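The next block is protein_18.cif, given as mmCIF, C-alpha atoms; chains and numbers go by the auth columns.
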data_query
loop_
_atom_site.group_PDB
_atom_site.id
_atom_site.type_symbol
_atom_site.label_atom_id
_atom_site.label_comp_id
_atom_site.label_asym_id
_atom_site.label_seq_id
_atom_site.Cartn_x
_atom_site.Cartn_y
_atom_site.Cartn_z
_atom_site.B_iso_or_equiv
_atom_site.auth_seq_id
_atom_site.auth_asym_id
ATOM 1 C CA MET A 1 -85.710 123.072 267.956 0.00 1 A
ATOM 2 C CA LYS A 2 -85.017 126.040 265.750 0.00 2 A
ATOM 3 C CA PHE A 3 -82.395 128.574 266.679 0.00 3 A
ATOM 4 C CA GLU A 4 -85.025 131.281 267.252 0.00 4 A
ATOM 5 C CA GLN A 5 -86.847 129.024 269.705 0.00 5 A
ATOM 6 C CA LEU A 6 -83.597 128.374 271.537 0.00 6 A
ATOM 7 C CA LEU A 7 -82.978 132.114 271.869 0.00 7 A
ATOM 8 C CA THR A 8 -86.532 132.592 273.134 0.00 8 A
ATOM 9 C CA ASN A 9 -85.918 129.944 275.764 0.00 9 A
ATOM 10 C CA PHE A 10 -82.732 131.697 276.860 0.00 10 A
ATOM 11 C CA ASP A 11 -84.704 134.959 277.103 0.00 11 A
ATOM 12 C CA ARG A 12 -87.151 133.190 279.419 0.00 12 A
ATOM 13 C CA GLY A 13 -84.286 132.098 281.621 0.00 13 A
ATOM 14 C CA LEU A 14 -84.503 128.422 280.685 0.00 14 A
ATOM 15 C CA CYS A 15 -81.026 127.048 281.192 0.00 15 A
ATOM 16 C CA VAL A 16 -79.065 125.007 278.685 0.00 16 A
ATOM 17 C CA LYS A 17 -78.889 122.047 281.069 0.00 17 A
ATOM 18 C CA GLN A 18 -82.686 121.832 281.279 0.00 18 A
ATOM 19 C CA LEU A 19 -83.026 122.068 277.493 0.00 19 A
ATOM 20 C CA GLN A 20 -80.580 119.185 277.281 0.00 20 A
ATOM 21 C CA ASN A 21 -82.574 117.218 279.859 0.00 21 A
ATOM 22 C CA GLU A 22 -85.807 117.802 277.964 0.00 22 A
ATOM 23 C CA ALA A 23 -84.216 116.676 274.704 0.00 23 A
ATOM 24 C CA PHE A 24 -82.898 113.560 276.453 0.00 24 A
ATOM 25 C CA VAL A 25 -86.347 112.769 277.881 0.00 25 A
ATOM 26 C CA GLU A 26 -87.942 113.248 274.460 0.00 26 A
ATOM 27 C CA LEU A 27 -85.463 110.843 272.876 0.00 27 A
ATOM 28 C CA ALA A 28 -85.849 108.348 275.721 0.00 28 A
ATOM 29 C CA VAL A 29 -89.643 108.442 275.366 0.00 29 A
ATOM 30 C CA LEU A 30 -89.343 107.924 271.610 0.00 30 A
ATOM 31 C CA ALA A 31 -86.960 105.007 272.087 0.00 31 A
ATOM 32 C CA ASN A 32 -89.250 103.492 274.683 0.00 32 A
ATOM 33 C CA THR A 33 -92.309 103.898 272.471 0.00 33 A
ATOM 34 C CA GLN A 34 -90.583 102.430 269.434 0.00 34 A
ATOM 35 C CA THR A 35 -88.600 99.624 271.058 0.00 35 A
ATOM 36 C CA MET A 36 -90.355 99.029 274.377 0.00 36 A
ATOM 37 C CA ILE A 37 -87.121 99.063 276.359 0.00 37 A
ATOM 38 C CA ASP A 38 -87.187 97.532 279.805 0.00 38 A
ATOM 39 C CA LEU A 39 -89.085 99.774 282.240 0.00 39 A
ATOM 40 C CA ALA A 40 -86.349 99.500 284.877 0.00 40 A
ATOM 41 C CA GLU A 41 -83.742 100.548 282.304 0.00 41 A
ATOM 42 C CA PHE A 42 -85.967 103.416 281.153 0.00 42 A
ATOM 43 C CA ASN A 43 -86.451 104.673 284.721 0.00 43 A
ATOM 44 C CA SER A 44 -82.739 104.282 285.408 0.00 44 A
ATOM 45 C CA LEU A 45 -81.919 106.475 282.406 0.00 45 A
ATOM 46 C CA LEU A 46 -84.286 109.186 283.597 0.00 46 A
ATOM 47 C CA SER A 47 -83.073 109.050 287.196 0.00 47 A
ATOM 48 C CA ILE A 48 -79.682 110.491 286.187 0.00 48 A
ATOM 49 C CA LEU A 49 -81.285 113.816 285.234 0.00 49 A
ATOM 50 C CA SER A 50 -81.641 116.821 287.495 0.00 50 A
ATOM 51 C CA TRP A 51 -85.091 117.991 286.383 0.00 51 A
ATOM 52 C CA ASN A 52 -85.568 121.742 286.807 0.00 52 A
ATOM 53 C CA ASN A 53 -88.874 122.624 285.224 0.00 53 A
ATOM 54 C CA GLU A 54 -92.197 123.818 286.563 0.00 54 A
ATOM 55 C CA ILE A 55 -93.753 121.011 284.507 0.00 55 A
ATOM 56 C CA LEU A 56 -93.378 117.641 286.225 0.00 56 A
ATOM 57 C CA MET A 57 -91.298 115.150 284.267 0.00 57 A
ATOM 58 C CA THR A 58 -94.252 112.744 284.086 0.00 58 A
ATOM 59 C CA ASP A 59 -96.441 115.469 282.565 0.00 59 A
ATOM 60 C CA PHE A 60 -93.644 116.428 280.172 0.00 60 A
ATOM 61 C CA MET A 61 -93.385 112.787 279.095 0.00 61 A
ATOM 62 C CA GLU A 62 -97.129 112.573 278.466 0.00 62 A
ATOM 63 C CA ASN A 63 -97.018 115.771 276.388 0.00 63 A
ATOM 64 C CA THR A 64 -94.048 114.338 274.500 0.00 64 A
ATOM 65 C CA LYS A 65 -95.978 111.153 273.672 0.00 65 A
ATOM 66 C CA VAL A 66 -98.820 113.231 272.219 0.00 66 A
ATOM 67 C CA LYS A 67 -96.370 115.288 270.167 0.00 67 A
ATOM 68 C CA GLN A 68 -94.566 112.183 268.935 0.00 68 A
ATOM 69 C CA ALA A 69 -97.813 110.467 267.952 0.00 69 A
ATOM 70 C CA ARG A 70 -98.141 113.099 265.215 0.00 70 A
ATOM 71 C CA LEU A 71 -94.890 111.973 263.576 0.00 71 A
ATOM 72 C CA GLN A 72 -96.083 109.907 260.636 0.00 72 A
ATOM 73 C CA HIS A 73 -93.169 109.456 258.269 0.00 73 A
ATOM 74 C CA GLU A 74 -89.659 108.198 258.819 0.00 74 A
ATOM 75 C CA ASP A 75 -88.171 111.498 257.636 0.00 75 A
ATOM 76 C CA GLU A 76 -90.211 113.357 260.288 0.00 76 A
ATOM 77 C CA ILE A 77 -88.998 110.967 262.970 0.00 77 A
ATOM 78 C CA LEU A 78 -85.394 111.289 261.825 0.00 78 A
ATOM 79 C CA SER A 79 -85.624 115.081 261.805 0.00 79 A
ATOM 80 C CA TYR A 80 -87.156 115.016 265.296 0.00 80 A
ATOM 81 C CA ILE A 81 -84.321 112.811 266.563 0.00 81 A
ATOM 82 C CA ASN A 82 -81.591 114.943 264.981 0.00 82 A
ATOM 83 C CA GLU A 83 -83.034 118.207 266.331 0.00 83 A
ATOM 84 C CA ARG A 84 -83.072 116.875 269.871 0.00 84 A
ATOM 85 C CA TYR A 85 -79.710 115.139 269.614 0.00 85 A
ATOM 86 C CA ARG A 86 -78.073 118.463 268.720 0.00 86 A
ATOM 87 C CA LEU A 87 -79.112 119.807 272.136 0.00 87 A
ATOM 88 C CA ILE A 88 -77.204 117.098 274.005 0.00 88 A
ATOM 89 C CA PHE A 89 -73.697 118.228 274.910 0.00 89 A
ATOM 90 C CA ASP A 90 -73.027 116.227 278.084 0.00 90 A
ATOM 91 C CA GLU A 91 -70.790 113.230 277.304 0.00 91 A
ATOM 92 C CA PRO A 92 -72.367 110.812 279.830 0.00 92 A
ATOM 93 C CA LEU A 93 -75.808 111.619 278.417 0.00 93 A
ATOM 94 C CA LYS A 94 -74.488 111.111 274.901 0.00 94 A
ATOM 95 C CA SER A 95 -73.234 107.709 275.985 0.00 95 A
ATOM 96 C CA HIS A 96 -76.678 106.786 277.300 0.00 96 A
ATOM 97 C CA LEU A 97 -78.211 108.103 274.106 0.00 97 A
ATOM 98 C CA ALA A 98 -75.879 105.975 272.020 0.00 98 A
ATOM 99 C CA HIS A 99 -77.368 102.941 273.736 0.00 99 A
ATOM 100 C CA LEU A 100 -80.924 104.163 273.123 0.00 100 A
ATOM 101 C CA ILE A 101 -80.140 104.984 269.510 0.00 101 A
ATOM 102 C CA SER A 102 -78.657 101.544 268.931 0.00 102 A
ATOM 103 C CA LEU A 103 -81.868 99.984 270.267 0.00 103 A
ATOM 104 C CA PHE A 104 -83.940 102.301 268.133 0.00 104 A
ATOM 105 C CA GLU A 105 -81.761 101.828 265.063 0.00 105 A
ATOM 106 C CA SER A 106 -81.867 98.073 265.253 0.00 106 A
ATOM 107 C CA LYS A 107 -85.643 98.270 265.451 0.00 107 A
ATOM 108 C CA ARG A 108 -86.355 101.035 262.956 0.00 108 A
ATOM 109 C CA HIS A 109 -83.176 101.441 260.819 0.00 109 A
ATOM 110 C CA LEU A 110 -83.612 105.219 260.860 0.00 110 A
ATOM 111 C CA ILE A 111 -80.580 106.856 262.409 0.00 111 A
ATOM 112 C CA ASP A 112 -77.835 108.006 260.117 0.00 112 A
ATOM 113 C CA SER A 113 -74.782 109.154 261.984 0.00 113 A
#

For the file at hand, write its structure as structure tokens.
Amino acid sequence: MKFEQLLTNFDRGLCVKQLQNEAFVELAVLANTQTMIDLAEFNSLLSILSWNNEILMTDFMENTKVKQARLQHEDEILSYINERYRLIFDEPLKSHLAHLISLFESKRHLIDS
């Protein structure tokens, strides 16, 4: 997400925590799509979030899948991952993301730390 978009979201009253949650969901959906992580593990990861959006999380996930389907090249995927990762500031979420990234990395060899 570009800085201007972030400022626009703040202007709309969208809180930082929800932006972080959305970024986490987007990365979890990508990891699930790319690595087919266990459904119970996937649901467990999402259950830790306090979702505060007028869009249901399930609808957000479906929209995310459509958006991610347009990512064709590895550099686009890497850029997508890095943009969302920058929005994650919560240490427990980062820990969960580290696990997802390791699954994704072992499958795709894309993440550069």

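We find atom CA of A:Ile55 and atom CA of A:Gln18 to be spaced 11.6 Å apart.
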
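Considering the residues A:Arg86, A:Arg70, A:Lys65, A:His96 and counting only C-alpha atoms, A:Thr33 has its shortest atom-to-atom contact with A:Lys65.
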
**Item:** Distance query A:Glu26 at most 8 Å, all atoms listed in the file, self and fewer than 3 positions along chain excluded, as a ChimeraX atom specification
**Value:** /A:22-23,29-30,61,64,84

Need the shell around A:Leu100: protein/DNA/RNA residues with any atom at most 12 Å away, counting only C-alpha atoms. Skip same-chain ones fewer than 4 positions apart. Format as a short mmCIF file (atom, residue, chain, number, x, y, z; two decimals) with C-alpha atoms, in the coordinates of the input?
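The file below, out04.cif, is the result:
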data_model
loop_
_atom_site.label_atom_id
_atom_site.label_comp_id
_atom_site.auth_asym_id
_atom_site.auth_seq_id
_atom_site.Cartn_x
_atom_site.Cartn_y
_atom_site.Cartn_z
CA PHE A 24 -82.90 113.56 276.45
CA VAL A 25 -86.35 112.77 277.88
CA GLU A 26 -87.94 113.25 274.46
CA LEU A 27 -85.46 110.84 272.88
CA ALA A 28 -85.85 108.35 275.72
CA VAL A 29 -89.64 108.44 275.37
CA LEU A 30 -89.34 107.92 271.61
CA ALA A 31 -86.96 105.01 272.09
CA ASN A 32 -89.25 103.49 274.68
CA THR A 33 -92.31 103.90 272.47
CA GLN A 34 -90.58 102.43 269.43
CA THR A 35 -88.60 99.62 271.06
CA MET A 36 -90.36 99.03 274.38
CA ILE A 37 -87.12 99.06 276.36
CA ASP A 38 -87.19 97.53 279.80
CA GLU A 41 -83.74 100.55 282.30
CA PHE A 42 -85.97 103.42 281.15
CA LEU A 45 -81.92 106.48 282.41
CA ILE A 81 -84.32 112.81 266.56
CA TYR A 85 -79.71 115.14 269.61
CA LEU A 93 -75.81 111.62 278.42
CA LYS A 94 -74.49 111.11 274.90
CA SER A 95 -73.23 107.71 275.98
CA HIS A 96 -76.68 106.79 277.30
CA PHE A 104 -83.94 102.30 268.13
CA GLU A 105 -81.76 101.83 265.06
CA SER A 106 -81.87 98.07 265.25
CA LYS A 107 -85.64 98.27 265.45
CA ARG A 108 -86.36 101.04 262.96
CA ILE A 111 -80.58 106.86 262.41
#

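Shortest atom-to-atom contact with A:Asn82 among A:Ile101, A:Cys15, A:Ile48, A:Ala69: A:Ile101, counting only C-alpha atoms.
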
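Nearest residue to A:Leu19, choosing from A:Gln68, A:Asn63, A:Leu103, A:Ser50 and counting all atoms listed in the file: A:Ser50.
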
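Residue nearest A:Leu49, chosen from A:Ser79, A:Ala98, A:Pro92, A:Leu71 and counting all atoms listed in the file: A:Pro92.
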
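Atom CA of A:His99 is found 16.4 Å from atom CA of A:Asn21.
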